[in-house]
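Asker: Next up, final-v2.cif (mmCIF, C-alpha atoms and all ligand atoms).
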```
data_upload
loop_
_atom_site.label_atom_id
_atom_site.label_comp_id
_atom_site.auth_asym_id
_atom_site.auth_seq_id
_atom_site.Cartn_x
_atom_site.Cartn_y
_atom_site.Cartn_z
CA MET A 657 0.00 0.00 0.00
CA THR A 658 1.34 3.46 -0.83
CA ALA A 659 1.69 5.77 2.18
CA LEU A 660 -1.20 8.21 2.47
CA GLN A 661 -0.36 11.92 2.40
CA LYS A 662 -0.62 13.45 5.85
CA LEU A 663 -2.65 16.65 5.61
CA TYR A 664 -2.84 17.76 9.22
CA GLU A 665 -1.93 16.56 12.70
CA GLY A 666 -4.08 17.90 15.53
CA LYS A 667 -4.03 17.23 19.25
CA ALA A 668 -6.30 14.17 19.03
CA LYS A 669 -6.32 13.13 15.36
CA ILE A 670 -4.22 12.90 12.20
CA LEU A 671 -5.91 13.58 8.86
CA TYR A 672 -4.73 11.84 5.67
CA ALA A 673 -5.75 12.32 2.04
CA THR A 674 -7.28 9.33 0.25
CA ALA A 675 -7.55 8.43 -3.44
CA ASP A 676 -10.94 10.19 -3.42
CA PRO A 677 -10.41 13.96 -2.94
CA THR A 678 -13.81 14.29 -1.25
CA ILE A 679 -12.93 11.72 1.47
CA LEU A 680 -10.27 11.96 4.20
CA LEU A 681 -9.01 9.38 6.68
CA ALA A 682 -9.02 10.49 10.34
CA CYS A 683 -6.74 8.47 12.66
CA TYR A 684 -7.69 8.94 16.31
CA LYS A 685 -4.68 9.16 18.66
CA ASP A 686 -4.18 8.05 22.27
CA ASP A 687 -2.49 11.42 23.01
CA ALA A 688 -4.36 13.59 25.48
CA THR A 689 -4.01 17.33 26.00
CA ALA A 690 -5.83 19.80 28.24
CA PHE A 691 -5.75 23.51 29.05
CA ASN A 692 -4.82 24.46 25.47
CA ALA A 693 -2.10 21.75 25.37
CA GLN A 694 -0.35 22.93 28.55
CA LYS A 695 -1.06 19.50 30.07
CA ARG A 696 -0.09 16.48 27.97
CA GLY A 697 -0.35 12.74 28.43
CA THR A 698 -1.54 9.47 26.92
CA ILE A 699 -4.77 7.62 27.58
CA ALA A 700 -4.29 3.98 26.54
CA GLY A 701 -6.99 2.88 24.09
CA LYS A 702 -8.44 6.39 23.74
CA GLY A 703 -8.10 6.49 19.94
CA ARG A 704 -10.08 3.27 19.53
CA ILE A 705 -12.69 4.25 22.16
CA ASN A 706 -13.31 7.77 20.83
CA CYS A 707 -13.48 6.60 17.22
CA THR A 708 -15.86 3.73 17.98
CA MET A 709 -18.08 5.91 20.18
CA SER A 710 -18.15 8.69 17.58
CA GLU A 711 -19.09 6.15 14.89
CA HIS A 712 -22.00 4.90 17.01
CA LEU A 713 -23.28 8.42 17.75
CA PHE A 714 -22.80 9.69 14.18
CA ARG A 715 -24.85 6.73 12.93
CA LYS A 716 -27.63 7.53 15.45
CA LEU A 717 -27.62 11.21 14.47
CA GLU A 718 -27.67 10.38 10.72
CA ALA A 719 -30.62 8.03 11.33
CA ALA A 720 -32.41 10.97 12.98
CA GLY A 721 -31.73 13.20 9.94
CA VAL A 722 -28.68 15.13 11.19
CA PRO A 723 -26.03 15.37 8.43
CA THR A 724 -22.55 14.32 9.64
CA HIS A 725 -19.14 13.89 8.00
CA PHE A 726 -19.03 10.16 8.92
CA VAL A 727 -18.51 7.67 6.07
CA ASP A 728 -17.17 4.44 7.63
CA CYS A 729 -14.53 2.99 9.94
CA PRO A 730 -11.87 0.85 8.20
CA ALA A 731 -10.24 0.13 11.61
CA PRO A 732 -11.29 0.68 15.25
CA ASN A 733 -9.26 3.91 15.49
CA GLU A 734 -9.74 5.07 11.87
CA MET A 735 -12.67 6.88 10.30
CA HIS A 736 -13.29 7.90 6.70
CA VAL A 737 -14.95 11.31 6.72
CA ARG A 738 -16.23 13.69 4.07
CA ALA A 739 -13.84 16.58 3.44
CA LEU A 740 -15.35 19.77 4.88
CA THR A 741 -14.46 23.44 4.95
CA ILE A 742 -14.38 23.88 8.70
CA VAL A 743 -16.43 26.69 10.27
CA PRO A 744 -13.88 28.01 12.82
CA LEU A 745 -16.30 27.87 15.75
CA GLU A 746 -16.46 25.48 18.70
CA VAL A 747 -20.12 25.15 19.61
CA ILE A 748 -20.60 24.37 23.29
CA VAL A 749 -23.88 23.07 24.70
CA ARG A 750 -24.50 23.07 28.44
CA ASN A 751 -27.37 21.17 30.07
CA PHE A 752 -25.85 21.57 33.54
CA ALA A 753 -23.27 24.07 34.77
CA ALA A 754 -19.66 22.83 34.89
CA GLY A 755 -16.15 23.75 33.83
CA SER A 756 -15.46 27.23 32.49
CA LEU A 757 -19.08 28.36 33.02
CA CYS A 758 -18.74 27.83 36.80
CA LYS A 759 -15.27 29.37 36.84
CA GLN A 760 -16.29 32.47 34.86
CA THR A 761 -19.74 33.13 36.38
CA GLY A 762 -19.88 31.57 39.84
CA ILE A 763 -22.92 29.44 38.88
CA ALA A 764 -22.74 26.34 41.12
CA LEU A 765 -21.50 23.05 39.63
CA GLY A 766 -24.43 20.90 38.47
CA THR A 767 -27.02 23.70 38.28
CA PRO A 768 -29.58 22.69 35.59
CA LEU A 769 -29.68 25.05 32.60
CA ASP A 770 -33.14 25.21 31.04
CA PRO A 771 -33.14 26.05 28.20
CA PRO A 772 -29.70 24.57 27.56
CA LEU A 773 -27.02 27.16 27.04
CA ILE A 774 -25.43 27.29 23.56
CA GLU A 775 -22.15 29.17 23.34
CA PHE A 776 -19.65 29.85 20.56
CA CYS A 777 -15.86 29.93 20.87
CA TYR A 778 -13.44 31.06 18.17
CA LYS A 779 -11.46 27.93 17.22
CA ASN A 780 -7.94 29.32 17.42
CA ASP A 781 -5.17 27.90 19.66
CA GLU A 782 -3.15 31.13 19.48
CA PHE A 783 -5.96 33.04 21.20
CA GLY A 784 -6.93 30.09 23.47
CA ASP A 785 -10.34 29.42 21.81
CA PRO A 786 -12.05 32.51 23.32
CA LEU A 787 -15.80 32.79 23.87
CA VAL A 788 -17.24 35.05 21.14
CA THR A 789 -20.48 36.97 20.80
CA GLU A 790 -22.64 36.76 17.66
CA GLY A 791 -21.49 40.30 16.87
CA ARG A 792 -17.85 39.21 16.97
CA ILE A 793 -18.63 36.19 14.76
CA TYR A 794 -19.97 38.53 12.06
CA ALA A 795 -17.24 41.16 12.55
CA MET A 796 -14.60 38.44 12.14
CA LYS A 797 -16.55 36.84 9.26
CA LEU A 798 -16.36 33.41 10.93
CA ALA A 799 -19.90 32.59 9.75
CA THR A 800 -22.95 34.38 8.31
CA PRO A 801 -26.15 35.05 10.30
CA ALA A 802 -27.93 32.33 8.25
CA GLN A 803 -25.16 29.85 9.07
CA VAL A 804 -25.29 30.72 12.79
CA ARG A 805 -29.08 30.20 12.71
CA GLU A 806 -28.72 26.82 10.99
CA ILE A 807 -25.87 25.72 13.29
CA THR A 808 -27.95 26.72 16.34
CA GLU A 809 -30.99 24.74 15.12
CA LEU A 810 -28.86 21.67 14.31
CA THR A 811 -27.13 21.95 17.70
CA GLN A 812 -30.46 22.02 19.54
CA ARG A 813 -31.57 18.86 17.69
CA ILE A 814 -28.23 17.14 18.31
CA ASN A 815 -28.48 17.95 22.03
CA GLU A 816 -32.01 16.53 22.28
CA ILE A 817 -30.96 13.31 20.52
CA LEU A 818 -27.73 12.85 22.52
CA ARG A 819 -29.33 13.78 25.87
CA ASP A 820 -32.10 11.19 25.37
CA PHE A 821 -29.61 8.58 24.20
CA PHE A 822 -27.22 9.07 27.13
CA GLN A 823 -30.17 8.97 29.53
CA GLN A 824 -30.91 5.45 28.23
CA CYS A 825 -27.27 4.63 29.05
CA ASP A 826 -27.73 5.95 32.65
CA ILE A 827 -25.35 8.80 31.79
CA ILE A 828 -26.05 12.51 32.30
CA LEU A 829 -24.89 14.62 29.35
CA VAL A 830 -23.64 17.65 31.30
CA ASP A 831 -22.10 19.56 28.39
CA PHE A 832 -20.26 19.00 25.11
CA LYS A 833 -18.45 20.67 22.24
CA ILE A 834 -19.18 20.10 18.56
CA GLU A 835 -17.84 21.52 15.33
CA PHE A 836 -19.41 22.02 11.91
CA GLY A 837 -18.14 22.32 8.37
CA ILE A 838 -19.49 22.92 4.89
CA ASP A 839 -19.46 20.02 2.41
CA SER A 840 -18.90 20.14 -1.37
CA GLY A 841 -22.66 20.67 -1.86
CA GLY A 842 -22.69 23.72 0.44
CA ARG A 843 -24.49 21.85 3.25
CA ILE A 844 -23.66 22.50 6.91
CA VAL A 845 -22.53 19.17 8.34
CA LEU A 846 -21.52 17.98 11.83
CA GLY A 847 -17.79 17.22 11.92
CA ASP A 848 -15.02 16.30 14.37
CA GLU A 849 -15.92 13.73 17.09
CA ILE A 850 -18.30 13.06 19.99
CA SER A 851 -16.44 11.30 22.79
CA PRO A 852 -15.45 11.51 26.47
CA ASP A 853 -12.79 13.99 25.25
CA THR A 854 -15.46 16.42 24.04
CA CYS A 855 -18.38 15.74 26.41
CA ARG A 856 -18.81 15.93 30.19
CA LEU A 857 -20.54 12.69 31.14
CA TRP A 858 -21.67 11.80 34.66
CA ASP A 859 -22.77 8.36 35.83
CA ALA A 860 -26.47 8.95 36.65
CA LYS A 861 -26.43 6.22 39.31
CA GLU A 862 -23.45 7.64 41.18
CA THR A 863 -23.78 10.57 43.62
CA ASP A 864 -20.11 10.85 44.61
CA PRO A 865 -18.82 13.95 42.75
CA ILE A 866 -15.54 12.26 41.79
CA ALA A 867 -16.75 8.71 41.13
CA ARG A 868 -19.52 9.96 38.80
CA VAL A 869 -17.07 11.63 36.37
CA LEU A 870 -16.68 9.49 33.21
CA ASP A 871 -14.92 11.95 30.90
CA LYS A 872 -11.76 13.95 30.24
CA ASP A 873 -12.14 15.81 33.55
CA ARG A 874 -10.55 12.66 35.07
CA PHE A 875 -7.42 13.52 33.05
CA ARG A 876 -7.69 17.31 33.49
CA GLN A 877 -8.07 17.06 37.27
CA ASP A 878 -5.88 13.97 37.87
CA LEU A 879 -8.83 11.96 39.25
CA GLY A 880 -7.29 8.61 38.20
CA ASN A 881 -8.76 5.64 36.27
CA VAL A 882 -9.13 7.66 33.07
CA GLU A 883 -8.93 4.57 30.81
CA GLY A 884 -11.51 2.71 32.94
CA ALA A 885 -13.99 5.59 32.71
CA TYR A 886 -13.61 5.92 28.92
CA GLN A 887 -14.03 2.16 28.49
CA ARG A 888 -17.14 2.19 30.70
CA VAL A 889 -18.74 4.93 28.61
CA LEU A 890 -18.02 2.99 25.42
CA GLU A 891 -19.55 -0.20 26.85
CA LYS A 892 -22.70 1.66 27.92
CA VAL A 893 -22.97 3.40 24.53
CA LEU A 894 -22.53 0.18 22.54
CA ALA A 895 -25.14 -1.59 24.69
CA ASN A 896 -27.82 0.98 23.77
O1 LIG B 1 -14.04 24.04 29.39
P1 LIG B 1 -15.51 24.18 29.21
O2 LIG B 1 -16.27 24.01 30.49
O3 LIG B 1 -15.89 25.45 28.50
O4 LIG B 1 -15.94 22.97 28.26
C1 LIG B 1 -17.28 22.73 27.92
C2 LIG B 1 -17.37 21.41 27.16
O5 LIG B 1 -16.74 21.51 25.90
C3 LIG B 1 -16.69 20.25 27.88
O6 LIG B 1 -17.44 19.06 27.65
C4 LIG B 1 -15.34 20.13 27.20
O7 LIG B 1 -14.85 18.81 27.22
C5 LIG B 1 -15.68 20.56 25.78
N1 LIG B 1 -14.56 21.25 25.11
C6 LIG B 1 -13.84 20.59 24.11
N2 LIG B 1 -12.80 21.23 23.47
C7 LIG B 1 -12.47 22.49 23.79
C8 LIG B 1 -13.18 23.18 24.80
C9 LIG B 1 -14.23 22.53 25.44
O8 LIG B 1 -14.14 19.44 23.79
N3 LIG B 1 -11.48 23.09 23.13
#
```
Could you write out this structure as structure tokens?
Ligand code: C5P
Answerer:
Amino acid sequence: MTALQKLYEGKAKILYATADPTILLACYKDDATAFNAQKRGTIAGKGRINCTMSEHLFRKLEAAGVPTHFVDCPAPNEMHVRALTIVPLEVIVRNFAAGSLCKQTGIALGTPLDPPLIEFCYKNDEFGDPLVTEGRIYAMKLATPAQVREITELTQRINEILRDFFQQCDIILVDFKIEFGIDSGGRIVLGDEISPDTCRLWDAKETDPIARVLDKDRFRQDLGNVEGAYQRVLEKVLAN
């Protein structure tokens, strides 16, 4: 087999070109970073777990009519995806208060947010992915008002689908980050991944504030048993 051309290496994935210019190969890595890559480490099996979980959730979302970049998985840590022009926004959905929201506002950890809070960050490592207002999005020409409207509507649907699904898994979907891109037909499509790296997930049957954490906060906050938590999430997801 001829070596595939590496197009981009990110913190969690490597993207390769394929023989079809409209399709890329995403290889999910075990490398873990947090706090804008100031903290680095490895989570054994993470690439396989995040890829497999993303595949499962992308399939569920597609079945519910949400367009995604997912094509297929040729290996447990590899995903063929449609090539997209990335919209440089990180879309964050919060069903309960946690993380930067608590830190920046003083809202208590675990406070329910109804309606869920949808926030936009400018996807740019140099600036540390800052929170942006809609006004800033237009001033910086990151997206048009019509695109922001469509992304918001898609995000609300994605949250409803994922929240219901995780509830079946006895997992609380606290918050998550998603990204969108534009495909060759001009459609706005869900990209990137949905995994314990990009979601806060709490075990619904566990009240202990440390034991309930099943996501990357175990790595960020050195809570231990990161691999075990990721594996548990995958098992629950695949069983539902
Ligand atoms: O850090 P913060 O509380 O704003 O994160 C909200 C959610 O977005 C968390 O689930 C976190 O894992 C996710 N996130 C992410 N990538 C980032 C920033 C946040 O996956 N660059």
Asker: List as JSON lines every residue of chain A that is in contact with ligand LIG 1 (chain B), defined as an atom at most 7 Å from one of its atoms (using all atoms listed in the file), together with the nearest atom pair and the distance in Å rounded to one decimal, sorted by chain and then rising number.
Answerer:
```
{"residue": "A:Ile748", "atom": "CA", "partner": "B:LIG1", "partner_atom": "O5", "distance": 5.5}
{"residue": "A:Ala754", "atom": "CA", "partner": "B:LIG1", "partner_atom": "O2", "distance": 5.7}
{"residue": "A:Gly755", "atom": "CA", "partner": "B:LIG1", "partner_atom": "O2", "distance": 3.4}
{"residue": "A:Ser756", "atom": "CA", "partner": "B:LIG1", "partner_atom": "O2", "distance": 3.9}
{"residue": "A:Leu757", "atom": "CA", "partner": "B:LIG1", "partner_atom": "O2", "distance": 5.8}
{"residue": "A:Asp785", "atom": "CA", "partner": "B:LIG1", "partner_atom": "N3", "distance": 6.6}
{"residue": "A:Asp831", "atom": "CA", "partner": "B:LIG1", "partner_atom": "O6", "distance": 4.7}
{"residue": "A:Phe832", "atom": "CA", "partner": "B:LIG1", "partner_atom": "O6", "distance": 3.8}
{"residue": "A:Lys833", "atom": "CA", "partner": "B:LIG1", "partner_atom": "O5", "distance": 4.1}
{"residue": "A:Asp853", "atom": "CA", "partner": "B:LIG1", "partner_atom": "O7", "distance": 5.6}
{"residue": "A:Thr854", "atom": "CA", "partner": "B:LIG1", "partner_atom": "O8", "distance": 3.3}
{"residue": "A:Cys855", "atom": "CA", "partner": "B:LIG1", "partner_atom": "O6", "distance": 3.7}
{"residue": "A:Arg856", "atom": "CA", "partner": "B:LIG1", "partner_atom": "O6", "distance": 4.3}
{"residue": "A:Lys872", "atom": "CA", "partner": "B:LIG1", "partner_atom": "O7", "distance": 6.5}
```
Asker: Go ahead and compute the interatomic distance for CA of Asp781 in chain A and CA of Ile670 in chain A, in Å to one decimal.
Answerer: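 Calculated distance between CA of Asp781 in chain A and CA of Ile670 in chain A is 16.8 Å.
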Asker: Given the choices A:Gln824, A:Asn881, A:Asn733, A:Thr741, which gets closest to Gly842 in chain A if the distance is worked out from only C-alpha atoms?
Answerer: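 Of A:Gln824, A:Asn881, A:Asn733, A:Thr741, the one nearest Gly842 in chain A, counting only C-alpha atoms, is A:Thr741.
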Asker: Can you tell me which residues surround Phe752 in chain A at a distance of at most 6 Å, considering only C-alpha atoms, apart from same-chain residues fewer than 2 positions away, and format the answer as an NGL selection string?
Answerer: :A and (750 or 766-769 or 830)
Asker: Just give me the gap between CA of Pro730 in chain A and CA of Leu857 in chain A in Å, one decimal is fine.
Answerer: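 CA of Leu857 in chain A lies at a distance of 27.2 Å from CA of Pro730 in chain A.
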Asker: Using all atoms listed in the file, find the one residue out of A:Leu798, A:Ile793, A:Cys729, A:Ala675 that sits nearest to Pro744 in chain A.
Answerer: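 Nearest to Pro744 in chain A: A:Leu798.
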Asker: Which residue, A:Leu773, A:Leu681, A:Ala795, A:Cys758, has the smallest gap to Asn815 in chain A when you use only C-alpha atoms?
Answerer: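 For Asn815 in chain A, the nearest of the candidates is A:Leu773.
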Asker: State, in Å with one decimal place, the distance from CA of Phe776 in chain A to CA of Val747 in chain A.
Answerer: 4.8 Å
Asker: When distances are computed from all atoms listed in the file, which of A:Ile699, A:Leu745, A:Cys707, A:Leu879 shows the smallest separation from Cys683 in chain A?
Answerer: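 For Cys683 in chain A, the nearest of the candidates is A:Cys707.
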Asker: Find the residues near Asp687 in chain A: any atom within 10 Å, counting only C-alpha atoms, skip ones fewer than 4 places away on the same chain, and give them as a ChimeraX atom specification.
Answerer: /A:667-669,696-703
Asker: A:Asp770, A:Thr689, A:Gly884, A:Pro852: which is nearest Ala867 in chain A, counting all atoms listed in the file?
Answerer: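 Between A:Asp770, A:Thr689, A:Gly884, A:Pro852, the residue approaching Ala867 in chain A most closely is A:Gly884.
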Asker: Residues within 12 Å of (-25.9, -0.5, 27.1), file coordinates, counting all atoms listed in the file: what are they? Give the list as a list in words.
Answerer: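 Here the neighbourhood of the point contains Phe821, Phe822, Gln823, Gln824, Cys825, Asp826, Ile827, Arg888, Val889, Leu890, Glu891, Lys892, Val893, Leu894, Ala895 and Asn896 of chain A.
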Asker: Write a file of the just-selected residues containing C-alpha atoms, as a compact mmCIF listing (two decimals), in the coordinates of the input.
Answerer:
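Output saved as part.txt:
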```txt
# COMPACT_ATOMS: atom_id res chain seq x y z
CA PHE A 821 -29.61 8.58 24.20
CA PHE A 822 -27.22 9.07 27.13
CA GLN A 823 -30.17 8.97 29.53
CA GLN A 824 -30.91 5.45 28.23
CA CYS A 825 -27.27 4.63 29.05
CA ASP A 826 -27.73 5.95 32.65
CA ILE A 827 -25.35 8.80 31.79
CA ARG A 888 -17.14 2.19 30.70
CA VAL A 889 -18.74 4.93 28.61
CA LEU A 890 -18.02 2.99 25.42
CA GLU A 891 -19.55 -0.20 26.85
CA LYS A 892 -22.70 1.66 27.92
CA VAL A 893 -22.97 3.40 24.53
CA LEU A 894 -22.53 0.18 22.54
CA ALA A 895 -25.14 -1.59 24.69
CA ASN A 896 -27.82 0.98 23.77
```
Asker: Go ahead and find all residues with at least one atom no further than 7 Å from (-8.0, 2.1, 16.1) in the file's coordinates, using only C-alpha atoms; report them as a PyMOL selection string.
Answerer: chain A and resi 684+703-704+731-734
Asker: Between A:Gln661, A:Gln694, A:Gln887, A:Thr800, which is the closest to Ser851 in chain A once you count only C-alpha atoms?
Answerer: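 Between A:Gln661, A:Gln694, A:Gln887, A:Thr800, the residue approaching Ser851 in chain A most closely is A:Gln887.
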Asker: Near Ser710 in chain A, within 6 Å and counting all atoms listed in the file, which residues show up once chain neighbours fewer than 4 positions away are dropped, as a list of chain:residue names?
Answerer: A:Asn706, A:Phe714, A:Glu849, A:Ile850
Asker: Restrict the calculation to all atoms listed in the file, then for each residue of range 757-874 of chain A with any atom at most 6 Å from an atom of range 735-740 of chain A give the closest atom pair and their distance in Å to one decimal, rows by chain and rising residue number, as CSV.
Answerer:
```
residue,atom,partner,partner_atom,distance
A:Gly837,CA,A:Leu740,CA,5.1
A:Ile838,CA,A:Leu740,CA,5.2
A:Asp839,CA,A:Leu740,CA,4.8
```
Asker: Quick one: residues within 8 Å of Gln803 in chain A, only C-alpha atoms, excluding same-chain residues fewer than 4 positions away - as number ranges by chain?
Answerer: A: 799, 807, 844
